[in-house]
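K.L.:
For reference, this is structure03.cif, and it has mmCIF, C-alpha atoms and all ligand atoms.
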data_work
#
loop_
_atom_site.label_atom_id
_atom_site.label_comp_id
_atom_site.auth_asym_id
_atom_site.auth_seq_id
_atom_site.Cartn_x
_atom_site.Cartn_y
_atom_site.Cartn_z
CA MET A 276 -11.24 -8.58 -14.45
CA SER A 277 -9.21 -6.02 -16.33
CA ALA A 278 -7.29 -7.04 -19.42
CA ARG A 279 -3.98 -6.16 -17.82
CA PRO A 280 -2.60 -7.43 -14.53
CA PRO A 281 -3.20 -5.15 -11.56
CA ARG A 282 -0.33 -2.73 -10.99
CA ILE A 283 0.78 -2.62 -7.38
CA LEU A 284 3.23 -0.13 -5.89
CA LEU A 285 5.16 -1.68 -3.00
CA ILE A 286 6.81 0.86 -0.70
CA GLU A 287 9.04 -1.04 1.74
CA ASP A 288 12.53 -0.22 2.98
CA ASN A 289 13.39 -3.72 4.19
CA ALA A 290 14.89 -5.86 1.41
CA ALA A 291 13.73 -9.18 2.88
CA ASN A 292 10.18 -7.91 3.22
CA ARG A 293 10.24 -6.49 -0.31
CA LYS A 294 11.35 -9.85 -1.65
CA LEU A 295 8.74 -11.74 0.36
CA ILE A 296 5.77 -9.47 -0.28
CA GLY A 297 6.73 -8.72 -3.87
CA GLY A 298 7.13 -12.43 -4.50
CA ILE A 299 3.72 -13.27 -3.09
CA LEU A 300 2.04 -10.58 -5.17
CA ARG A 301 3.85 -11.59 -8.38
CA THR A 302 2.96 -15.22 -7.83
CA ALA A 303 -0.67 -14.10 -7.76
CA GLY A 304 -0.19 -12.48 -11.17
CA HIS A 305 0.16 -8.88 -10.10
CA GLU A 306 2.62 -6.43 -11.65
CA VAL A 307 4.69 -5.14 -8.74
CA HIS A 308 6.84 -2.02 -8.69
CA GLU A 309 9.11 -1.77 -5.68
CA VAL A 310 10.55 1.36 -4.10
CA VAL A 311 12.40 1.77 -0.82
CA SER A 312 11.21 5.18 0.37
CA ALA A 313 7.97 7.12 0.73
CA ASP A 314 9.31 9.97 -1.38
CA GLU A 315 10.11 7.62 -4.27
CA GLY A 316 6.71 6.00 -3.86
CA ILE A 317 4.82 9.27 -3.91
CA ALA A 318 6.71 10.36 -7.04
CA LEU A 319 5.97 7.09 -8.82
CA ALA A 320 2.31 7.09 -7.77
CA ILE A 321 1.97 10.53 -9.32
CA ALA A 322 3.89 9.64 -12.47
CA GLU A 323 2.26 6.30 -13.29
CA PRO A 324 -1.15 4.67 -12.85
CA PHE A 325 -1.46 2.11 -10.07
CA ASP A 326 -4.34 0.02 -8.79
CA LEU A 327 -3.06 -0.33 -5.23
CA VAL A 328 -0.27 0.81 -2.92
CA VAL A 329 1.16 -1.56 -0.31
CA MET A 330 2.65 0.87 2.18
CA ASP A 331 5.09 0.03 4.93
CA ILE A 332 4.41 2.43 7.79
CA GLN A 333 7.88 2.36 9.35
CA LEU A 334 10.09 3.99 6.72
CA PRO A 335 13.22 6.11 7.14
CA GLY A 336 12.55 9.74 6.32
CA THR A 337 8.94 10.27 5.37
CA ASP A 338 6.89 7.57 7.10
CA GLY A 339 4.05 5.64 5.54
CA LEU A 340 1.26 7.49 7.32
CA THR A 341 2.60 10.85 6.17
CA ALA A 342 2.97 9.47 2.64
CA THR A 343 -0.62 8.24 2.69
CA ARG A 344 -1.83 11.70 3.73
CA VAL A 345 0.12 13.20 0.82
CA LEU A 346 -1.61 10.79 -1.59
CA ARG A 347 -5.01 11.58 -0.07
CA ASP A 348 -4.44 15.33 -0.43
CA ARG A 349 -3.79 15.11 -4.18
CA SER A 350 -6.67 14.95 -6.63
CA ASP A 351 -4.81 12.46 -8.86
CA THR A 352 -4.08 9.94 -6.08
CA ARG A 353 -6.99 10.63 -3.70
CA THR A 354 -8.83 7.38 -4.42
CA LEU A 355 -5.77 5.15 -4.89
CA PRO A 356 -6.24 2.25 -2.43
CA VAL A 357 -3.56 2.00 0.27
CA LEU A 358 -2.89 -1.18 2.24
CA ALA A 359 -0.77 -0.33 5.28
CA LEU A 360 1.78 -2.75 6.74
CA THR A 361 3.24 -2.32 10.17
CA ALA A 362 5.79 -4.25 12.17
CA HIS A 363 4.09 -3.47 15.44
CA ALA A 364 0.53 -4.67 15.95
CA MET A 365 -0.24 -2.26 18.74
CA ASP A 366 -3.51 -0.83 19.90
CA GLY A 367 -4.10 2.38 18.04
CA ASP A 368 -2.00 1.51 14.99
CA GLU A 369 -5.02 0.55 12.95
CA ARG A 370 -6.90 3.68 14.01
CA ARG A 371 -3.91 5.86 13.09
CA ALA A 372 -3.61 4.14 9.73
CA ARG A 373 -7.27 4.67 8.96
CA GLU A 374 -7.14 8.29 10.10
CA ALA A 375 -4.27 8.85 7.68
CA GLY A 376 -6.47 7.51 4.88
CA CYS A 377 -5.29 3.91 4.60
CA ASP A 378 -8.01 1.54 3.36
CA ALA A 379 -6.75 -1.51 5.17
CA TYR A 380 -4.09 -2.53 7.63
CA LEU A 381 -2.06 -5.68 8.19
CA ALA A 382 0.51 -6.42 10.88
CA LYS A 383 3.79 -8.07 9.90
CA PRO A 384 4.64 -10.86 9.54
CA VAL A 385 1.98 -10.91 6.86
CA GLY A 386 0.62 -14.31 5.91
CA TYR A 387 0.36 -15.30 2.27
CA LYS A 388 -3.37 -15.94 2.27
CA VAL A 389 -4.29 -12.90 4.34
CA LEU A 390 -2.21 -10.61 2.13
CA LEU A 391 -3.70 -11.91 -1.12
CA ALA A 392 -7.23 -11.82 0.27
CA GLU A 393 -6.85 -8.23 1.40
CA VAL A 394 -5.25 -7.20 -1.92
CA ALA A 395 -8.05 -8.88 -3.87
CA ARG A 396 -10.70 -7.18 -1.76
CA LEU A 397 -9.15 -3.75 -2.28
CA LEU A 398 -8.67 -4.27 -6.02
CA GLU A 399 -12.34 -5.23 -6.39
CA ALA A 400 -13.74 -2.48 -4.16
CA PRO A 401 -15.12 0.60 -5.87
CA ARG A 402 -12.82 3.55 -5.46
CA GLY A 403 -14.37 6.10 -3.18
CA ASP A 404 -13.29 9.52 -2.05
CA LYS A 405 -11.65 8.98 1.34
CA THR A 406 -11.17 12.63 2.20
CA THR A 407 -14.58 13.13 3.74
MN MN B 1 10.12 -0.50 7.30
#
Would you write the structure of this file as structure tokens?

P.N.:
Amino acid sequence: MSARPPRILLIEDNAANRKLIGGILRTAGHEVHEVVSADEGIALAIAEPFDLVVMDIQLPGTDGLTATRVLRDRSDTRTLPVLALTAHAMDGDERRAREAGCDAYLAKPVGYKVLLAEVARLLEAPRGDKTT
């Protein structure tokens, strides 16, 4: 384990979901930074070091898949793990998320245990280059 708590960037436009997901992650000891738009999230991910992004896919303006592609296209955020969240668990959503460069995908409503297990797995995984 690192000496500091993992820093997680939560990009979610829905206030109730931000409160729920942010609360779960903080309870687990993570340092959570919340933003409400992809553009804010991209700017913060570039400006500060993070260990993981939790990315809502359905966002007003720039959507989460587009934002993930932006992160993947930059050398400084290329290996930053992205956990995608979507409100619609439809066939093809997971494939689209992975094609955009997301490392993992969860459908809302996200359960406490599943979220923390997925976050822990991504934080422990070696960071690879996902552009190939
Ligand atoms: Mn949303």

K.L.:
Given the choices A:Ala342, A:Ile299, A:Ala322, A:Val357, which gets closest to Arg396 (chain A) if the distance is worked out from all atoms listed in the file?

P.N.:
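Looking only at the distances to Arg396 (chain A), the closest residue turns out to be A:Val357.
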
K.L.:
Throw together the list of residues within 12 Å of ligand MN 1 (chain B), counting only C-alpha atoms and all ligand atoms, and drop it here as an mmCIF file with C-alpha atoms, in the coordinates of the input.

P.N.:
data_model
loop_
_atom_site.group_PDB
_atom_site.id
_atom_site.type_symbol
_atom_site.label_atom_id
_atom_site.label_comp_id
_atom_site.auth_asym_id
_atom_site.auth_seq_id
_atom_site.Cartn_x
_atom_site.Cartn_y
_atom_site.Cartn_z
ATOM 1 C CA LEU A 285 5.160 -1.680 -3.000
ATOM 2 C CA ILE A 286 6.810 0.860 -0.700
ATOM 3 C CA GLU A 287 9.040 -1.040 1.740
ATOM 4 C CA ASP A 288 12.530 -0.220 2.980
ATOM 5 C CA ASN A 289 13.390 -3.720 4.190
ATOM 6 C CA ALA A 290 14.890 -5.860 1.410
ATOM 7 C CA ALA A 291 13.730 -9.180 2.880
ATOM 8 C CA ASN A 292 10.180 -7.910 3.220
ATOM 9 C CA ARG A 293 10.240 -6.490 -0.310
ATOM 10 C CA VAL A 310 10.550 1.360 -4.100
ATOM 11 C CA VAL A 311 12.400 1.770 -0.820
ATOM 12 C CA SER A 312 11.210 5.180 0.370
ATOM 13 C CA ALA A 313 7.970 7.120 0.730
ATOM 14 C CA VAL A 329 1.160 -1.560 -0.310
ATOM 15 C CA MET A 330 2.650 0.870 2.180
ATOM 16 C CA ASP A 331 5.090 0.030 4.930
ATOM 17 C CA ILE A 332 4.410 2.430 7.790
ATOM 18 C CA GLN A 333 7.880 2.360 9.350
ATOM 19 C CA LEU A 334 10.090 3.990 6.720
ATOM 20 C CA PRO A 335 13.220 6.110 7.140
ATOM 21 C CA GLY A 336 12.550 9.740 6.320
ATOM 22 C CA THR A 337 8.940 10.270 5.370
ATOM 23 C CA ASP A 338 6.890 7.570 7.100
ATOM 24 C CA GLY A 339 4.050 5.640 5.540
ATOM 25 C CA LEU A 340 1.260 7.490 7.320
ATOM 26 C CA ALA A 359 -0.770 -0.330 5.280
ATOM 27 C CA LEU A 360 1.780 -2.750 6.740
ATOM 28 C CA THR A 361 3.240 -2.320 10.170
ATOM 29 C CA ALA A 362 5.790 -4.250 12.170
ATOM 30 C CA HIS A 363 4.090 -3.470 15.440
ATOM 31 C CA ALA A 382 0.510 -6.420 10.880
ATOM 32 C CA LYS A 383 3.790 -8.070 9.900
ATOM 33 C CA PRO A 384 4.640 -10.860 9.540
#

K.L.:
Figure out the distance between CA of Thr341 (chain A) and CA of Arg371 (chain A), please, to one decimal in Å.

P.N.:
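Spanning CA of Arg371 (chain A) to CA of Thr341 (chain A) is a straight-line distance of 10.7 Å.
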
K.L.:
Which is closer to Ala400 (chain A) than all the others in A:Val345, A:Leu327, A:Leu381, A:Ile296, using all atoms listed in the file?

P.N.:
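Smallest distance to Ala400 (chain A) is found for A:Leu327.
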
K.L.:
Interatomic distance between CA of Lys294 (chain A) and CA of Ile321 (chain A)?

P.N.:
23.7 Å

K.L.:
With only C-alpha atoms as the atoms that count, which of A:Val328, A:Ile317, A:Ile283, A:Val307 lies nearest to Arg349 (chain A)?

P.N.:
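Among A:Val328, A:Ile317, A:Ile283, A:Val307, it is A:Ile317 that comes nearest to Arg349 (chain A).
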
K.L.:
Which of these residues is nearest to His308 (chain A), using all atoms listed in the file: A:Arg282, A:Leu295, A:Thr354, A:Leu391?

P.N.:
A:Arg282

K.L.:
For each of A:Glu309, A:Asp378, A:Glu399, A:Glu369, take the minimum atom-to-atom distance to Thr343 (chain A), counting all atoms listed in the file, then give the residue where this is smallest.

P.N.:
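Among the listed residues, A:Asp378 lies closest to Thr343 (chain A).
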
K.L.:
Provide the CA of Gly367 (chain A) to CA of Tyr380 (chain A) distance in Å, to one decimal place.

P.N.:
11.5 Å

K.L.:
Check the smallest atom-to-atom distance from each of A:Leu397, A:Glu315, A:Leu346, A:Asp326 to Leu358 (chain A) using all atoms listed in the file, then report the winner.

P.N.:
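Comparing A:Leu397, A:Glu315, A:Leu346, A:Asp326 against Leu358 (chain A), the winner is A:Leu397.
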
K.L.:
Quick one: region 315-351 of chain A from the block, C-alpha atoms, as a tab-separated table (two decimals), in the first residue's frame.

P.N.:
chain	number	residue	atom	x	y	z
A	315	GLU	CA	-13.70	19.82	-15.55
A	316	GLY	CA	-12.58	16.24	-15.01
A	317	ILE	CA	-10.15	16.26	-17.91
A	318	ALA	CA	-8.66	19.55	-16.70
A	319	LEU	CA	-8.23	18.24	-13.16
A	320	ALA	CA	-6.78	14.92	-14.33
A	321	ILE	CA	-4.17	16.85	-16.27
A	322	ALA	CA	-3.43	19.29	-13.45
A	323	GLU	CA	-3.17	16.85	-10.54
A	324	PRO	CA	-2.06	13.25	-10.02
A	325	PHE	CA	-4.82	10.67	-9.60
A	326	ASP	CA	-4.81	6.93	-9.09
A	327	LEU	CA	-8.21	6.28	-10.64
A	328	VAL	CA	-11.06	8.01	-12.45
A	329	VAL	CA	-14.66	6.97	-11.81
A	330	MET	CA	-16.37	8.18	-14.96
A	331	ASP	CA	-20.09	8.57	-15.47
A	332	ILE	CA	-20.77	7.91	-19.15
A	333	GLN	CA	-23.97	9.95	-19.45
A	334	LEU	CA	-22.81	13.53	-18.92
A	335	PRO	CA	-24.17	16.78	-20.37
A	336	GLY	CA	-21.80	18.23	-22.93
A	337	THR	CA	-18.76	16.03	-23.37
A	338	ASP	CA	-19.80	12.47	-22.52
A	339	GLY	CA	-17.74	10.02	-20.51
A	340	LEU	CA	-16.62	7.92	-23.45
A	341	THR	CA	-15.31	10.97	-25.29
A	342	ALA	CA	-13.59	12.13	-22.10
A	343	THR	CA	-11.94	8.72	-21.70
A	344	ARG	CA	-10.63	8.90	-25.26
A	345	VAL	CA	-9.17	12.34	-24.50
A	346	LEU	CA	-7.36	10.91	-21.46
A	347	ARG	CA	-6.10	7.95	-23.49
A	348	ASP	CA	-4.75	10.23	-26.22
A	349	ARG	CA	-2.57	12.22	-23.79
A	350	SER	CA	0.81	10.92	-22.71
A	351	ASP	CA	0.31	12.20	-19.14
